[in-house]
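Structure first, then comments.
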Amino acid sequence: MSTIFSQIVEGEIPARVVYEDETTMAFLDANPLAPGHTLVIPKDEYERLNDIPDDVATDLYATIHRLIPAVEESVDADASTVAFNNGEEAGQEVPHVHCHIVPRFEGDGGGPIHAIAGDRPELADDELDDIAADIESRA
Ligand code: 5GP
């Protein structure tokens with residue numbers, strides 16, 4: 001069973017497509033958080049960013065890079081929040097990687113990315129050192 005976004009890629013369900021190339025596509029979000037709210041996807045189905053091969057990741061970022069100014073300028077936005085919900089526990093509902101470009105306006109009442117987190121952890125310096133070393137060893 002293909003994802004709803006694969007069905008958009010295949011033209012099986014309609015969408016307001018604003019950009020398309022061989023490997024990526026961008027279209028307006030059906031339930032926008034702001035005018036111009038755009039989703040950028042790889043055409044092939046990958047559930048999480050972690051699953052995307054390097055070449056597709058490069059293509060995906062190139063499309064995001066291209067669409068950010070296009071989206072902002074089209075709705076005369078002051079800024080934009082650009083984000084992925086990467087995994088169900090992070091709020092991802094459609095299991096097909098998608099980048100949200102949400103235009104932002106002065107005084108729009110929205111928050112920063114920092115607003116997504118719950119209670120902030122208290123981490124001692126040695127814990128931070130261990131985490132940093134562990135990430136570095138895997139990167
Ligand atoms: P998520 O929570 O997975 O990061 O975001 C999924 C997004 O996809 C939501 O913002 C939702 O409004 C959007 N969406 C869900 N179904 C459709 C659809 O059929 N067409 C379009 N254009 N957007 C959709």
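Please note that chains go A, B, ... in the order of the structure tokens, that every chain numbers its residues from 1, and that ligands are numbered from 1 in the order shown.
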### Residue contacts of A:Ile41 (12 Å, only C-alpha atoms) excluding same-chain residues fewer than 6 positions away, as JSON, numbers by chain
{"A": [3, 4, 5, 6, 8, 9, 17, 18, 19, 20, 21, 22, 23, 24, 25, 26, 27, 28, 29, 47, 48, 49, 52, 56, 57, 59, 60, 61, 62, 63, 64, 67, 84, 94, 95, 96, 97, 98, 99, 100, 101]}
Only C-alpha atoms, please: the residues just picked out, written as a tab-separated table (two decimals), in the first residue's frame.
```
chain	number	residue	atom	x	y	z
A	3	THR	CA	1.69	6.37	0.95
A	4	ILE	CA	-0.61	9.26	0.20
A	5	PHE	CA	2.42	11.18	-1.05
A	6	SER	CA	3.35	8.38	-3.46
A	8	ILE	CA	0.38	12.33	-5.37
A	9	VAL	CA	3.65	11.51	-7.20
A	17	VAL	CA	2.34	20.80	-7.21
A	18	VAL	CA	4.75	23.73	-7.23
A	19	TYR	CA	7.96	21.97	-8.30
A	20	GLU	CA	8.99	18.62	-9.71
A	21	ASP	CA	12.19	17.06	-11.03
A	22	GLU	CA	13.41	13.51	-11.55
A	23	THR	CA	13.75	12.60	-7.88
A	24	THR	CA	11.87	15.21	-5.83
A	25	MET	CA	8.56	17.03	-5.74
A	26	ALA	CA	7.02	19.93	-3.79
A	27	PHE	CA	3.34	20.70	-3.26
A	28	LEU	CA	1.15	22.75	-0.97
A	29	ASP	CA	0.13	21.17	2.33
A	47	GLU	CA	9.88	6.52	5.89
A	48	ARG	CA	12.56	8.47	7.71
A	49	LEU	CA	15.48	10.75	6.84
A	52	ILE	CA	17.46	8.09	2.46
A	56	VAL	CA	18.64	11.38	-2.83
A	57	ALA	CA	19.49	13.39	0.29
A	59	ASP	CA	18.71	16.12	-4.36
A	60	LEU	CA	16.19	16.66	-1.57
A	61	TYR	CA	18.23	19.41	0.04
A	62	ALA	CA	18.77	21.08	-3.35
A	63	THR	CA	14.99	21.26	-3.81
A	64	ILE	CA	14.46	22.57	-0.28
A	67	LEU	CA	11.89	26.30	-2.64
A	84	PHE	CA	10.97	17.47	9.38
A	94	VAL	CA	2.68	10.37	6.86
A	95	PRO	CA	5.41	7.68	6.68
A	96	HIS	CA	7.07	9.21	3.63
A	97	VAL	CA	9.86	11.73	4.28
A	98	HIS	CA	8.67	15.32	3.87
A	99	CYS	CA	10.13	18.68	4.70
A	100	HIS	CA	7.72	21.35	5.91
A	101	ILE	CA	8.42	24.89	4.73
```
Could you list, as a PDB file with all heavy atoms, in the first residue's frame, every residue within 12 Å of A:Gly111, counting only C-alpha atoms and ignoring same-chain residues fewer than 6 positions away?
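Output (result.pdb):
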```pdb
ATOM      1  N   SER A  80      10.846  31.788   7.647  1.00  0.00           N
ATOM      2  CA  SER A  80      10.150  30.508   7.528  1.00  0.00           C
ATOM      3  C   SER A  80      10.707  29.534   8.553  1.00  0.00           C
ATOM      4  O   SER A  80      11.872  29.628   8.945  1.00  0.00           O
ATOM      5  CB  SER A  80      10.286  29.928   6.115  1.00  0.00           C
ATOM      6  OG  SER A  80      11.637  29.846   5.728  1.00  0.00           O
ATOM      7  N   THR A  81       9.852  28.615   8.970  1.00  0.00           N
ATOM      8  CA  THR A  81      10.306  27.485   9.769  1.00  0.00           C
ATOM      9  C   THR A  81      10.403  26.301   8.823  1.00  0.00           C
ATOM     10  O   THR A  81       9.451  25.992   8.096  1.00  0.00           O
ATOM     11  CB  THR A  81       9.311  27.187  10.909  1.00  0.00           C
ATOM     12  OG1 THR A  81       9.291  28.301  11.801  1.00  0.00           O
ATOM     13  CG2 THR A  81       9.743  25.951  11.681  1.00  0.00           C
ATOM     14  N   VAL A 102       7.263  26.290   6.311  1.00  0.00           N
ATOM     15  CA  VAL A 102       6.118  27.039   6.839  1.00  0.00           C
ATOM     16  C   VAL A 102       6.474  28.527   6.873  1.00  0.00           C
ATOM     17  O   VAL A 102       7.338  28.947   7.660  1.00  0.00           O
ATOM     18  CB  VAL A 102       5.754  26.571   8.267  1.00  0.00           C
ATOM     19  CG1 VAL A 102       4.509  27.310   8.768  1.00  0.00           C
ATOM     20  CG2 VAL A 102       5.538  25.068   8.324  1.00  0.00           C
ATOM     21  N   ARG A 104       6.589  32.299   7.855  1.00  0.00           N
ATOM     22  CA  ARG A 104       6.370  32.929   9.158  1.00  0.00           C
ATOM     23  C   ARG A 104       6.297  34.438   8.991  1.00  0.00           C
ATOM     24  O   ARG A 104       6.969  35.024   8.125  1.00  0.00           O
ATOM     25  CB  ARG A 104       7.517  32.554  10.113  1.00  0.00           C
ATOM     26  CG  ARG A 104       7.640  31.066  10.377  1.00  0.00           C
ATOM     27  CD  ARG A 104       6.413  30.496  11.091  1.00  0.00           C
ATOM     28  NE  ARG A 104       6.167  31.188  12.327  1.00  0.00           N
ATOM     29  CZ  ARG A 104       6.690  30.829  13.519  1.00  0.00           C
ATOM     30  NH1 ARG A 104       7.459  29.760  13.600  1.00  0.00           N
ATOM     31  NH2 ARG A 104       6.408  31.518  14.605  1.00  0.00           N
ATOM     32  N   PHE A 105       5.486  35.034   9.826  1.00  0.00           N
ATOM     33  CA  PHE A 105       5.221  36.469   9.740  1.00  0.00           C
ATOM     34  C   PHE A 105       5.387  37.080  11.123  1.00  0.00           C
ATOM     35  O   PHE A 105       5.041  36.440  12.137  1.00  0.00           O
ATOM     36  CB  PHE A 105       3.792  36.696   9.231  1.00  0.00           C
ATOM     37  CG  PHE A 105       3.525  36.047   7.899  1.00  0.00           C
ATOM     38  CD1 PHE A 105       3.085  34.722   7.835  1.00  0.00           C
ATOM     39  CD2 PHE A 105       3.754  36.730   6.712  1.00  0.00           C
ATOM     40  CE1 PHE A 105       2.862  34.105   6.618  1.00  0.00           C
ATOM     41  CE2 PHE A 105       3.532  36.120   5.487  1.00  0.00           C
ATOM     42  CZ  PHE A 105       3.085  34.801   5.441  1.00  0.00           C
ATOM     43  N   ALA A 117       9.787  20.729  22.245  1.00  0.00           N
ATOM     44  CA  ALA A 117      10.266  19.800  23.263  1.00  0.00           C
ATOM     45  C   ALA A 117       9.380  19.839  24.501  1.00  0.00           C
ATOM     46  O   ALA A 117       8.681  20.818  24.755  1.00  0.00           O
ATOM     47  CB  ALA A 117      11.700  20.132  23.627  1.00  0.00           C
TER      48      ALA A 117
END
```
### Query
Just asking: which residues within chain A are helix (DSSP H, G or I) according to DSSP, as a ChimeraX atom specification?
/A:4-9,49-51,54-75,88-90,113-116,125-138
### Query
atom 17 (C, counted along the ligand's line) of ligand 1 and atom CA of A:Arg16, how far apart in Å?
10.8 Å
### Task
as a PyMOL selection string, please: all residues of stretch 82-131 of chain A that backbone DSSP puts in strand (DSSP E).
chain A and resi 82-83+99-104
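Minimum atom-to-atom distance to ligand 1, evaluated using only C-alpha atoms and all ligand atoms, belongs to A:Glu93 out of A:Glu45, A:Asp76, A:Glu93, A:Asp108.
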### Nearest residue to A:Pro35 from the set A:Ser2, A:Asn85, A:Ser74, A:Gln92 (distances using only C-alpha atoms)
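That would be A:Ser74, the residue with the smallest distance to A:Pro35.
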### Query
Closest to A:Gly36 among A:Met1, A:Val82, A:Ile68, A:Val75, using only C-alpha atoms?
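Nearest to A:Gly36: A:Val75.
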